[in-house]
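Q: Below is structure.txt; it holds compact mmCIF, C-alpha atoms.
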```
# COMPACT_ATOMS: atom_id res chain seq x y z
CA MET A 2 18.63 -7.54 -36.68
CA THR A 3 20.61 -9.92 -38.86
CA GLY A 4 23.67 -8.68 -40.74
CA ARG A 5 23.51 -6.00 -43.41
CA GLY A 6 22.17 -7.50 -46.63
CA GLN A 7 20.59 -10.42 -44.78
CA ALA A 8 17.51 -8.77 -43.24
CA ARG A 9 14.39 -10.94 -43.14
CA ALA A 10 10.77 -9.87 -43.43
CA GLY A 11 10.61 -9.78 -39.63
CA ASP A 12 13.55 -7.38 -39.52
CA LEU A 13 11.85 -5.06 -41.99
CA LEU A 14 8.66 -5.11 -39.94
CA GLU A 15 10.66 -4.23 -36.83
CA LEU A 16 12.23 -1.27 -38.63
CA VAL A 17 8.82 0.01 -39.67
CA ARG A 18 7.23 -0.54 -36.24
CA SER A 19 10.06 1.26 -34.47
CA GLY A 20 9.97 4.18 -36.92
CA ARG A 21 13.63 3.71 -37.90
CA ALA A 22 12.74 3.13 -41.57
CA THR A 23 9.26 3.76 -42.92
CA THR A 24 9.72 3.88 -46.71
CA ARG A 25 11.02 1.35 -49.20
CA GLY A 26 14.02 3.52 -49.93
CA ALA A 27 14.86 3.88 -46.24
CA LEU A 28 14.62 0.12 -45.78
CA GLN A 29 17.08 -0.38 -48.65
CA GLN A 30 19.52 2.07 -47.09
CA VAL A 31 19.34 0.58 -43.58
CA THR A 32 19.45 -3.09 -44.59
CA GLY A 33 21.63 -3.02 -47.70
CA LEU A 34 19.05 -5.12 -49.55
CA SER A 35 18.23 -4.54 -53.19
CA ARG A 36 14.98 -2.89 -54.23
CA ALA A 37 13.63 -6.20 -55.53
CA THR A 38 14.48 -8.08 -52.33
CA VAL A 39 12.89 -5.40 -50.15
CA GLY A 40 9.80 -5.65 -52.33
CA GLN A 41 9.65 -9.43 -51.91
CA ARG A 42 10.02 -9.19 -48.13
CA LEU A 43 7.36 -6.49 -47.89
CA ASP A 44 4.99 -8.45 -50.11
CA ARG A 45 4.88 -11.22 -47.51
CA LEU A 46 3.99 -8.70 -44.82
CA PHE A 47 1.28 -7.11 -46.97
CA ARG A 48 -0.23 -10.51 -47.74
CA ALA A 49 -0.32 -11.31 -44.04
CA GLY A 50 -2.17 -8.05 -43.44
CA TRP A 51 0.48 -6.73 -41.08
CA LEU A 52 1.58 -3.72 -43.13
CA ARG A 53 -0.30 -0.98 -44.94
CA GLU A 54 0.62 2.05 -46.97
CA GLY A 55 0.20 5.46 -45.43
CA ALA A 56 0.53 8.97 -46.78
CA GLY A 57 3.46 10.32 -48.74
CA GLY A 58 6.62 10.75 -46.72
CA PRO A 59 9.96 12.46 -47.36
CA VAL A 60 11.66 12.19 -50.72
CA ASP A 61 14.13 9.30 -50.59
CA SER A 62 16.38 10.54 -53.37
CA PRO A 63 18.67 13.55 -52.87
CA LEU A 64 17.86 14.46 -56.48
CA GLY A 65 14.25 15.12 -55.60
CA GLY A 66 11.13 13.61 -57.06
CA ARG A 67 7.83 12.44 -55.69
CA PRO A 68 7.44 11.88 -51.94
CA SER A 69 7.85 8.23 -51.02
CA ILE A 70 4.85 6.28 -49.79
CA THR A 71 5.25 5.56 -46.09
CA LEU A 72 4.75 2.13 -44.59
CA GLU A 73 2.77 1.55 -41.39
CA PHE A 74 2.21 -1.36 -39.08
CA ASP A 75 -1.50 -2.21 -39.31
CA GLY A 76 -2.59 -2.29 -35.69
CA GLU A 77 -6.15 -3.26 -36.64
CA HIS A 78 -5.51 -6.65 -38.24
CA ALA A 79 -5.74 -8.48 -34.90
CA VAL A 80 -6.47 -7.82 -31.23
CA VAL A 81 -4.83 -8.73 -27.96
CA LEU A 82 -6.53 -9.88 -24.77
CA ALA A 83 -5.16 -8.73 -21.43
CA ALA A 84 -6.03 -9.24 -17.77
CA ASP A 85 -4.65 -7.87 -14.51
CA LEU A 86 -5.29 -9.97 -11.40
CA ASP A 87 -5.17 -8.53 -7.90
CA THR A 88 -5.90 -10.49 -4.75
CA ARG A 89 -9.61 -9.64 -4.74
CA HIS A 90 -10.34 -7.95 -8.06
CA ALA A 91 -9.51 -8.36 -11.71
CA ARG A 92 -9.62 -6.20 -14.80
CA ALA A 93 -9.66 -7.46 -18.39
CA ALA A 94 -9.70 -5.85 -21.82
CA VAL A 95 -9.51 -6.23 -25.58
CA LEU A 96 -6.81 -4.03 -27.09
CA THR A 97 -5.61 -3.19 -30.56
CA LEU A 98 -2.02 -4.05 -31.41
CA THR A 99 -1.10 -0.42 -30.79
CA GLY A 100 -2.54 -0.41 -27.27
CA GLU A 101 -5.98 1.16 -27.71
CA ILE A 102 -8.57 -0.38 -25.38
CA LEU A 103 -11.67 -1.47 -27.32
CA ALA A 104 -13.64 -3.12 -24.50
CA GLU A 105 -13.00 -3.47 -20.78
CA ARG A 106 -14.52 -4.87 -17.61
CA SER A 107 -13.61 -5.28 -13.97
CA GLY A 108 -15.10 -7.19 -11.11
CA VAL A 109 -14.57 -9.29 -8.02
CA LEU A 110 -12.34 -12.31 -8.62
CA LEU A 111 -10.70 -13.87 -5.59
CA ILE A 112 -7.17 -15.11 -6.18
CA GLU A 113 -7.58 -17.48 -3.22
CA ASP A 114 -10.25 -19.42 -5.14
CA GLY A 115 -7.36 -21.01 -7.02
CA PRO A 116 -6.08 -20.98 -10.58
CA ASP A 117 -8.56 -23.39 -12.14
CA ALA A 118 -11.61 -21.36 -11.09
CA VAL A 119 -10.07 -17.92 -11.66
CA LEU A 120 -8.62 -18.69 -15.09
CA GLY A 121 -11.82 -20.43 -16.15
CA GLU A 122 -13.76 -17.29 -15.25
CA LEU A 123 -11.30 -15.12 -17.18
CA GLY A 124 -11.88 -17.25 -20.28
CA GLY A 125 -15.54 -16.30 -20.07
CA TRP A 126 -14.72 -12.63 -19.56
CA PHE A 127 -12.59 -12.61 -22.70
CA ALA A 128 -15.33 -14.20 -24.80
CA GLU A 129 -17.84 -11.58 -23.65
CA LEU A 130 -15.40 -8.71 -24.22
CA LEU A 131 -14.72 -9.78 -27.79
CA GLN A 132 -18.46 -9.71 -28.48
CA LYS A 133 -18.67 -6.27 -26.87
CA ALA A 134 -15.78 -5.06 -29.04
CA GLY A 135 -17.39 -6.49 -32.15
CA ARG A 136 -14.39 -8.70 -32.92
CA PRO A 137 -14.47 -12.43 -33.77
CA ALA A 138 -12.66 -14.79 -31.43
CA GLU A 139 -10.27 -15.72 -34.25
CA SER A 140 -8.97 -12.15 -34.32
CA ALA A 141 -7.36 -12.57 -30.89
CA CYS A 142 -3.68 -13.34 -31.45
CA GLY A 143 -2.59 -13.71 -27.83
CA ILE A 144 -3.33 -13.19 -24.14
CA GLY A 145 -1.26 -11.26 -21.61
CA LEU A 146 -1.82 -11.83 -17.89
CA ALA A 147 -0.51 -9.82 -14.93
CA VAL A 148 -0.43 -11.62 -11.57
CA PRO A 149 0.50 -10.46 -8.05
CA GLY A 150 3.46 -12.76 -7.58
CA PRO A 151 6.93 -13.60 -8.93
CA VAL A 152 6.84 -15.30 -12.34
CA ASP A 153 9.40 -17.44 -14.14
CA SER A 154 9.18 -15.83 -17.57
CA GLU A 155 10.47 -18.97 -19.30
CA THR A 156 7.61 -21.15 -18.06
CA GLY A 157 4.94 -18.58 -17.18
CA ARG A 158 4.50 -20.22 -13.77
CA VAL A 159 4.46 -18.33 -10.48
CA VAL A 160 7.18 -19.23 -8.01
CA GLN A 161 6.30 -19.41 -4.31
CA PRO A 162 3.82 -16.50 -4.44
CA PRO A 163 2.95 -15.30 -0.89
CA MET A 164 -0.43 -13.88 -1.92
CA MET A 165 -1.51 -16.60 -4.36
CA PRO A 166 -2.29 -19.80 -2.41
CA GLY A 167 -2.55 -22.85 -4.64
CA TRP A 168 -0.88 -21.19 -7.64
CA ASP A 169 2.74 -22.20 -7.09
CA GLY A 170 4.03 -23.96 -10.21
CA TYR A 171 0.59 -24.13 -11.82
CA ASP A 172 0.38 -24.24 -15.64
CA ILE A 173 -1.28 -20.84 -16.08
CA ARG A 174 -0.56 -20.62 -19.79
CA GLY A 175 -2.16 -23.95 -20.61
CA ARG A 176 -5.24 -23.46 -18.43
CA LEU A 177 -6.03 -19.95 -19.68
CA SER A 178 -5.55 -20.99 -23.30
CA ARG A 179 -7.95 -23.92 -22.80
CA ALA A 180 -10.46 -21.76 -20.93
CA PHE A 181 -10.54 -19.28 -23.79
CA GLY A 182 -10.88 -22.06 -26.35
CA GLU A 183 -13.71 -23.71 -24.42
CA ARG A 184 -15.67 -20.45 -24.35
CA THR A 185 -15.05 -19.48 -27.97
CA GLY A 186 -14.58 -22.74 -29.83
CA THR A 187 -11.14 -21.69 -31.04
CA GLY A 188 -7.82 -23.49 -30.84
CA ALA A 189 -4.77 -22.85 -28.68
CA ILE A 190 -3.70 -19.25 -28.24
CA PRO A 191 -0.35 -17.92 -26.98
CA VAL A 192 -0.46 -16.81 -23.34
CA LEU A 193 2.23 -14.72 -21.67
CA VAL A 194 2.35 -14.21 -17.90
CA ASP A 195 4.33 -11.72 -15.83
CA ASN A 196 4.31 -10.01 -12.46
CA ASP A 197 1.80 -7.16 -12.18
CA ALA A 198 4.34 -4.52 -11.14
CA ASN A 199 6.57 -5.50 -14.08
CA LEU A 200 3.75 -5.06 -16.56
CA MET A 201 2.56 -1.83 -14.98
CA ALA A 202 6.09 -0.47 -15.26
CA TYR A 203 6.34 -1.65 -18.87
CA GLY A 204 3.03 -0.04 -19.82
CA GLU A 205 3.80 3.25 -18.07
CA GLN A 206 7.34 3.53 -19.41
CA ARG A 207 6.36 2.79 -23.01
CA THR A 208 3.43 5.22 -23.10
CA GLY A 209 4.65 8.07 -20.91
CA TYR A 210 8.44 7.87 -20.61
CA PRO A 211 9.80 6.13 -23.73
CA ASP A 212 13.11 8.00 -23.51
CA CYS A 213 13.77 7.06 -19.88
CA SER A 214 16.49 4.40 -19.91
CA ALA A 215 16.04 3.43 -16.24
CA PHE A 216 12.47 3.44 -14.91
CA VAL A 217 11.14 2.10 -11.60
CA LEU A 218 7.50 1.64 -10.62
CA VAL A 219 6.45 0.69 -7.10
CA LYS A 220 2.97 -0.75 -6.66
CA VAL A 221 1.56 -0.39 -3.15
CA SER A 222 -1.74 -2.22 -2.80
CA THR A 223 -2.51 -5.32 -0.75
CA GLY A 224 1.21 -6.05 -1.06
CA ILE A 225 4.25 -4.13 -2.31
CA GLY A 226 6.23 -4.86 -5.46
CA ALA A 227 8.41 -3.02 -7.93
CA GLY A 228 8.85 -3.20 -11.69
CA VAL A 229 12.09 -2.12 -13.33
CA VAL A 230 12.48 -1.23 -17.01
CA VAL A 231 16.06 -0.78 -18.23
CA GLY A 232 16.85 0.09 -21.83
CA GLY A 233 13.22 -0.44 -22.81
CA SER A 234 13.07 -4.01 -21.45
CA VAL A 235 11.72 -5.37 -18.18
CA PHE A 236 14.48 -6.44 -15.81
CA ARG A 237 13.31 -9.67 -14.14
CA GLY A 238 16.44 -11.14 -12.59
CA ILE A 239 17.45 -14.76 -13.23
CA ASP A 240 14.08 -16.33 -12.37
CA GLY A 241 11.55 -13.50 -12.07
CA GLY A 242 12.35 -12.42 -8.52
CA ALA A 243 13.64 -8.91 -9.25
CA GLY A 244 11.65 -6.08 -7.70
CA ASP A 245 10.15 -8.04 -4.80
CA ILE A 246 10.90 -5.21 -2.37
CA GLY A 247 7.87 -5.96 -0.20
CA HIS A 248 9.88 -8.69 1.49
CA ILE A 249 12.91 -6.62 2.42
CA ARG A 250 13.30 -6.74 6.20
CA VAL A 251 12.81 -3.38 7.89
CA GLY A 252 13.26 -4.34 11.53
CA ALA A 253 9.60 -4.46 12.54
CA GLU A 254 8.05 -7.49 14.23
CA ALA A 255 4.86 -7.79 12.18
CA LEU A 256 4.15 -11.18 10.61
CA CYS A 257 4.09 -11.11 6.82
CA ARG A 258 1.97 -13.31 4.56
CA CYS A 259 5.19 -14.93 3.35
CA GLY A 260 5.67 -16.39 6.85
CA SER A 261 8.56 -14.15 7.87
CA TYR A 262 8.59 -11.28 10.35
CA GLY A 263 9.52 -7.69 9.64
CA CYS A 264 8.88 -7.49 5.88
CA LEU A 265 8.15 -4.06 4.40
CA ALA A 266 4.77 -5.31 3.11
CA ALA A 267 3.78 -6.37 6.62
CA VAL A 268 3.99 -2.78 7.89
CA ALA A 269 3.59 -0.46 4.89
CA SER A 270 1.29 -2.09 2.30
CA GLY A 271 -2.36 -1.28 1.77
CA GLY A 272 -3.19 -4.49 3.56
CA ALA A 273 -1.07 -3.48 6.56
CA VAL A 274 -2.69 -0.04 6.74
CA ALA A 275 -6.14 -1.64 6.47
CA ARG A 276 -5.31 -3.95 9.36
CA ARG A 277 -4.22 -1.06 11.59
CA LEU A 278 -7.37 0.86 10.70
CA ALA A 279 -9.53 -2.16 11.54
CA GLU A 280 -7.77 -2.51 14.89
CA ALA A 281 -8.70 1.13 15.55
CA GLY A 282 -12.35 0.42 14.76
CA VAL A 283 -12.35 1.78 11.19
CA PRO A 284 -13.94 -0.66 8.70
CA ALA A 285 -11.16 -1.64 6.28
CA ALA A 286 -10.13 -5.03 4.95
CA SER A 287 -7.91 -4.32 1.95
CA GLY A 288 -5.89 -1.73 0.08
CA SER A 289 -8.94 -0.77 -1.97
CA ASP A 290 -10.81 0.05 1.24
CA VAL A 291 -7.91 2.26 2.31
CA ARG A 292 -8.01 4.00 -1.06
CA GLU A 293 -11.66 4.89 -0.54
CA LEU A 294 -10.94 6.22 2.94
CA LEU A 295 -8.08 8.33 1.60
CA ALA A 296 -10.30 9.73 -1.13
CA ALA A 297 -12.76 10.76 1.58
CA GLY A 298 -9.97 12.44 3.57
CA HIS A 299 -10.30 10.13 6.60
CA PRO A 300 -7.75 11.60 9.05
CA GLU A 301 -6.50 8.32 10.53
CA ALA A 302 -6.12 6.76 7.08
CA VAL A 303 -4.22 9.84 5.90
CA GLY A 304 -1.83 9.65 8.85
CA LEU A 305 -1.17 5.93 8.45
CA ALA A 306 -0.66 6.29 4.70
CA ARG A 307 1.95 8.98 5.24
CA GLU A 308 3.70 6.81 7.82
CA ALA A 309 3.65 3.88 5.38
CA GLY A 310 5.12 6.15 2.70
CA ARG A 311 8.01 7.03 4.99
CA ARG A 312 8.80 3.35 5.54
CA VAL A 313 8.71 2.67 1.82
CA GLY A 314 10.75 5.81 1.10
CA ASP A 315 13.46 4.55 3.45
CA VAL A 316 13.78 1.36 1.38
CA LEU A 317 13.55 3.24 -1.91
CA ALA A 318 16.56 5.33 -0.97
CA THR A 319 18.61 2.16 -1.43
CA VAL A 320 16.78 1.21 -4.63
CA VAL A 321 17.42 4.64 -6.14
CA THR A 322 21.07 4.60 -5.12
CA LEU A 323 21.51 1.17 -6.72
CA LEU A 324 19.61 1.73 -9.98
CA ASN A 325 19.90 5.53 -10.49
CA PRO A 326 16.56 5.74 -12.34
CA GLY A 327 15.27 8.81 -14.13
CA VAL A 328 11.70 8.17 -13.01
CA LEU A 329 10.35 6.63 -9.81
CA MET A 330 6.61 6.08 -10.11
CA ILE A 331 4.29 5.26 -7.22
CA ALA A 332 1.17 3.30 -8.18
CA GLY A 333 -1.53 1.21 -6.54
CA ASP A 334 -4.16 1.80 -3.88
CA LEU A 335 -1.98 4.04 -1.70
CA ALA A 336 -0.59 6.18 -4.53
CA GLY A 337 -2.00 9.48 -3.31
CA THR A 338 -0.65 12.64 -1.74
CA PRO A 339 -0.22 11.42 1.87
CA PHE A 340 1.75 8.33 0.89
CA LEU A 341 3.77 10.18 -1.75
CA THR A 342 4.64 12.89 0.76
CA GLY A 343 5.95 10.27 3.15
CA VAL A 344 8.02 8.62 0.42
CA ARG A 345 9.64 11.91 -0.55
CA GLU A 346 10.42 12.82 3.05
CA LEU A 347 12.59 9.75 3.64
CA LEU A 348 13.84 9.23 0.11
CA TYR A 349 15.44 12.65 -0.19
CA GLN A 350 16.67 12.49 3.39
CA ARG A 351 18.40 9.10 3.05
CA ALA A 352 19.53 8.91 -0.59
CA LEU A 353 22.67 10.65 -1.81
CA PRO A 354 21.94 13.95 -3.58
CA ARG A 355 23.77 12.58 -6.62
CA SER A 356 21.18 9.78 -6.89
CA THR A 357 18.18 12.10 -6.81
CA ALA A 358 19.52 15.11 -8.74
CA HIS A 359 17.82 14.02 -11.98
CA LEU A 360 15.05 11.88 -10.49
CA ASP A 361 11.35 12.53 -11.06
CA VAL A 362 9.09 11.06 -8.37
CA VAL A 363 5.62 10.80 -9.87
CA THR A 364 2.34 8.91 -9.64
CA SER A 365 0.74 6.67 -12.23
CA ARG A 366 -0.51 8.14 -15.50
CA LEU A 367 -2.45 5.09 -16.67
CA GLY A 368 -3.96 4.28 -13.29
CA GLU A 369 -5.79 0.96 -13.13
CA ARG A 370 -5.15 0.35 -16.83
CA ALA A 371 -1.36 0.25 -16.54
CA GLY A 372 -1.19 -3.51 -16.12
CA LEU A 373 -3.53 -4.09 -19.06
CA VAL A 374 -1.51 -1.83 -21.35
CA GLY A 375 1.73 -3.50 -20.28
CA ALA A 376 0.31 -7.00 -20.72
CA GLY A 377 -0.94 -6.15 -24.18
CA ALA A 378 2.41 -4.66 -25.17
CA LEU A 379 4.22 -7.75 -23.88
CA VAL A 380 2.18 -9.98 -26.19
CA VAL A 381 2.68 -7.72 -29.21
CA GLU A 382 6.45 -7.51 -28.70
CA TYR A 383 6.61 -11.29 -28.36
CA LEU A 384 4.47 -12.11 -31.41
CA TYR A 385 6.04 -9.52 -33.72
CA ALA A 386 9.68 -10.06 -32.77
CA PRO A 387 11.66 -10.65 -36.00
CA GLU A 388 12.37 -14.33 -35.41
CA ARG A 389 8.75 -15.06 -34.51
CA VAL A 390 7.48 -13.15 -37.51
CA GLU A 391 9.35 -15.58 -39.74
CA GLU A 392 7.82 -18.56 -37.96
CA ARG A 393 4.31 -17.14 -38.19
CA LEU A 394 4.58 -16.13 -41.83
CA SER A 395 5.81 -19.60 -42.73
CA ALA A 396 2.93 -21.19 -40.81
CA MET A 397 0.52 -18.94 -42.72
CA GLY A 398 2.05 -20.01 -46.02
CA VAL A 399 3.07 -16.50 -47.08
```
Would you mind writing the structure in this file as structure tokens?
A:
Amino acid sequence: MTGRGQARAGDLLELVRSGRATTRGALQQVTGLSRATVGQRLDRLFRAGWLREGAGGPVDSPLGGRPSITLEFDGEHAVVLAADLDTRHARAAVLTLTGEILAERSGVLLIEDGPDAVLGELGGWFAELLQKAGRPAESACGIGLAVPGPVDSETGRVVQPPMMPGWDGYDIRGRLSRAFGERTGTGAIPVLVDNDANLMAYGEQRTGYPDCSAFVLVKVSTGIGAGVVVGGSVFRGIDGGAGDIGHIRVGAEALCRCGSYGCLAAVASGGAVARRLAEAGVPAASGSDVRELLAAGHPEAVGLAREAGRRVGDVLATVVTLLNPGVLMIAGDLAGTPFLTGVRELLYQRALPRSTAHLDVVTSRLGERAGLVGAGALVVEYLYAPERVEERLSAMGV
């Protein structure tokens, strides 16, 4: 926030959204602005439709009086579109600004078909979902997209993604914005792109563990990746490569999709387990197939999943020692009891007791919706950041 006495309308909106100040009197106290100036700033937000009045709150004055009217962020004035791409499937949704899913669909969408085809199809999905949700296309304020590869957050382009052939350096933002516009007849729309594990971690931490200052999520599906949330923000590294633990060398000789030998993903991912099952005569081609076998209690799948968990747990002992998180969440196709048991066996054996004394090892709460919730939240935090609020209000003429 800007200095005391200099708060903008965007700063006031941030205070209301975060719950730090939810009455006019509280906003005056926190910002140092006069009553008239607070009123002027709030008037812009009311005219934009971003704020609304709620019920009576606490009395602002120590001398008593009527309860103050509370201020609330109006999460219904627009919607967000979100999609989560895996290697063979995708999920998309329309969400309110507060994260409620209004309409959702999933289906087969092959990442190997390339960005032009996949993003064009997603544009159609979004148009249909808005109709299903009963919302006009103009109500969509932004799109969030989760992809299974490292992303440069400045450009929204994937960087040398092992599981996304043909996507390296592609203008995802521009293509998805155009695809949506072509299907709905609307203009350009902001598009934000991030790694799927990052957005899953962001969604899970915000909804289930908001007080956890260091949170790690490990997604084990066709590949393996981790998302790290520190101080409420996704930690991405200098160019989006943070959390790519699937390509840590573990001494095995298996060939990984990245072209190297011995990567963790080559021996412990859902894809690796599926390959070993197929070699043993069990029909399995992907992590989702392994998930179905685990749900059915298939003994060989259970044994291989536990073994894979042990390999991942060995690597996570280092991750936990380095980051000292409060929560370590296992998500993805293999996130069941056999795999989790294997993780715990090696993690607690190899990590220092000091690193695990206050660690909760859990599985996903949001399940397959985690990436959607995180993608939606990413868009909202971007569009309603104080500096961007000022830009948008000015563009609206309010």
Q: Restricting the calculation to only C-alpha atoms, which member of A:Leu103, A:Leu86, A:Ile112, A:Met330 is positioned closest to A:Pro166?
A: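 Smallest separation from A:Pro166 among the options: A:Ile112.
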Q: Extract, using all atoms listed in the file, all DNA, RNA and protein residues at most 12 Å from stretch 317-329 of chain A, discarding same-chain residues fewer than 6 positions from it, and format them as number ranges by chain.
A: A: 202, 205-206, 209-220, 225-232, 236, 243-247, 249, 251, 265, 310-311, 341, 343-365
Q: Dump C-alpha atoms for the selected residues as a compact mmCIF listing (two decimals), in the coordinates of the input?
A:
```
# COMPACT_ATOMS: atom_id res chain seq x y z
CA ALA A 202 6.09 -0.47 -15.26
CA GLU A 205 3.80 3.25 -18.07
CA GLN A 206 7.34 3.53 -19.41
CA GLY A 209 4.65 8.07 -20.91
CA TYR A 210 8.44 7.87 -20.61
CA PRO A 211 9.80 6.13 -23.73
CA ASP A 212 13.11 8.00 -23.51
CA CYS A 213 13.77 7.06 -19.88
CA SER A 214 16.49 4.40 -19.91
CA ALA A 215 16.04 3.43 -16.24
CA PHE A 216 12.47 3.44 -14.91
CA VAL A 217 11.14 2.10 -11.60
CA LEU A 218 7.50 1.64 -10.62
CA VAL A 219 6.45 0.69 -7.10
CA LYS A 220 2.97 -0.75 -6.66
CA ILE A 225 4.25 -4.13 -2.31
CA GLY A 226 6.23 -4.86 -5.46
CA ALA A 227 8.41 -3.02 -7.93
CA GLY A 228 8.85 -3.20 -11.69
CA VAL A 229 12.09 -2.12 -13.33
CA VAL A 230 12.48 -1.23 -17.01
CA VAL A 231 16.06 -0.78 -18.23
CA GLY A 232 16.85 0.09 -21.83
CA PHE A 236 14.48 -6.44 -15.81
CA ALA A 243 13.64 -8.91 -9.25
CA GLY A 244 11.65 -6.08 -7.70
CA ASP A 245 10.15 -8.04 -4.80
CA ILE A 246 10.90 -5.21 -2.37
CA GLY A 247 7.87 -5.96 -0.20
CA ILE A 249 12.91 -6.62 2.42
CA VAL A 251 12.81 -3.38 7.89
CA LEU A 265 8.15 -4.06 4.40
CA GLY A 310 5.12 6.15 2.70
CA ARG A 311 8.01 7.03 4.99
CA LEU A 341 3.77 10.18 -1.75
CA GLY A 343 5.95 10.27 3.15
CA VAL A 344 8.02 8.62 0.42
CA ARG A 345 9.64 11.91 -0.55
CA GLU A 346 10.42 12.82 3.05
CA LEU A 347 12.59 9.75 3.64
CA LEU A 348 13.84 9.23 0.11
CA TYR A 349 15.44 12.65 -0.19
CA GLN A 350 16.67 12.49 3.39
CA ARG A 351 18.40 9.10 3.05
CA ALA A 352 19.53 8.91 -0.59
CA LEU A 353 22.67 10.65 -1.81
CA PRO A 354 21.94 13.95 -3.58
CA ARG A 355 23.77 12.58 -6.62
CA SER A 356 21.18 9.78 -6.89
CA THR A 357 18.18 12.10 -6.81
CA ALA A 358 19.52 15.11 -8.74
CA HIS A 359 17.82 14.02 -11.98
CA LEU A 360 15.05 11.88 -10.49
CA ASP A 361 11.35 12.53 -11.06
CA VAL A 362 9.09 11.06 -8.37
CA VAL A 363 5.62 10.80 -9.87
CA THR A 364 2.34 8.91 -9.64
CA SER A 365 0.74 6.67 -12.23
```
Q: With stretch 291-297 of chain A as the partner and 12 Å as the cut-off, tabulate the residues of stretch 205-231 of chain A that qualify, each row holding the nearest pair of atoms and their distance in Å to one decimal, using all atoms listed in the file, sorted by chain and rising number, as CSV.
A:
```
residue,atom,partner,partner_atom,distance
A:Val221,CA,A:Arg292,CA,10.7
A:Ser222,CA,A:Arg292,CA,9.0
A:Thr223,CA,A:Val291,CA,9.8
```
Q: Residues near A:Glu113, anyone? I mean within 9 Å using all atoms listed in the file, not counting same-chain ones fewer than 3 positions away, as a list in words.
A: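 The neighbour list is Thr88, Arg89, Leu110, Pro116, Val119, Met164, Met165, Pro166, Gly167 and Trp168 of chain A.
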Q: Name the residues, using the chain letters and numbers of the file, that sit within 6 Å of (2.1, -14.4, -46.1) when counting all atoms listed in the file, and give them as an mmCIF file with C-alpha atoms, in the frame of the given file.
A:
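Resulting contents of result_13.cif:
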```cif
data_model
loop_
_atom_site.group_PDB
_atom_site.id
_atom_site.type_symbol
_atom_site.label_atom_id
_atom_site.label_comp_id
_atom_site.auth_asym_id
_atom_site.auth_seq_id
_atom_site.Cartn_x
_atom_site.Cartn_y
_atom_site.Cartn_z
ATOM 1 C CA ARG A 45 4.880 -11.220 -47.510
ATOM 2 C CA ARG A 48 -0.230 -10.510 -47.740
ATOM 3 C CA ALA A 49 -0.320 -11.310 -44.040
ATOM 4 C CA LEU A 394 4.580 -16.130 -41.830
ATOM 5 C CA MET A 397 0.520 -18.940 -42.720
ATOM 6 C CA GLY A 398 2.050 -20.010 -46.020
ATOM 7 C CA VAL A 399 3.070 -16.500 -47.080
#
```
Q: Nearest to A:Leu82: which of A:Gly368, A:Gly150, A:Gly100, A:Gly20 is it, counting only C-alpha atoms?
A: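 Closest to A:Leu82, using only C-alpha atoms: A:Gly100.
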Q: Quick check, in Å to one decimal: how far apart do atom CA of A:Gly288 and atom CA of A:Asp334 lie?
A: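 The value is 5.6 Å.
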Q: Can you tell me, as a VMD selection string, what residues are no more than 12 Å from A:Ala8 when counting only C-alpha atoms, ignoring any on the same chain fewer than 4 positions away?
A: chain A and resid 2 to 4 12 to 16 28 to 35 38 to 39 41 to 43 387 to 388 391
Q: I'd like the interatomic distance between atom CA of A:Gly175 and atom CA of A:Ala147, to a tenth of an Å.
A: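 Here the two named atoms are 15.3 Å from each other.
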Q: Could you tell me which of A:Arg389, A:His248, A:His299, A:Arg9 comes closest to A:Pro284 if we count only C-alpha atoms?
A: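 When distances to A:Pro284 are compared using only C-alpha atoms, the smallest one comes from A:His299.
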Q: For each of A:Pro191, A:Pro149, A:Gly375, A:Gly252, take the minimum atom-to-atom distance to A:Leu111, counting all atoms listed in the file, then give the residue where this is smallest.
A: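 Looking at the shortest contact to A:Leu111, the residue is A:Pro149.
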Q: Taking 5 positions as the minimum chain separation for residues in the same chain, which residues sit within 7 Å of A:Val81 when counting all atoms listed in the file? Answer as a PyMOL selection string.
A: chain A and resi 95-98+141-144+377
Q: Expressed in Å to a single decimal, how great is the separation between atom CA of A:Ile102 and atom CA of A:Asp172?
A: 27.3 Å
Q: For A:Val148, which residue out of A:Ile70, A:Leu373, A:Val17, A:Ala266 is the nearest one, using all atoms listed in the file?
A: A:Leu373
Q: Please give the centre and size of the box around stretch 343-346 of chain A (axis-aligned, containing every atom listed in the file, 3 Å added per side), with values in Å to one decimal and written as AutoDock Vina command-line options.
A:
```
--center_x 8.2 --center_y 10.7 --center_z 1.3 --size_x 10.5 --size_y 10.2 --size_z 9.7
```
Q: Rank nothing, just name the residue among A:Val152, A:Ala396, A:Leu256, A:Leu379 nearest to A:Ile239, using all atoms listed in the file.
A: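 Of A:Val152, A:Ala396, A:Leu256, A:Leu379, the one nearest A:Ile239, counting all atoms listed in the file, is A:Val152.
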Q: Show which residues sit within 7 Å of A:Leu146, as a VMD selection string. Count only C-alpha atoms, and ignore same-chain residues fewer than 3 positions away.
A: chain A and resid 83 to 85 193 to 195 376
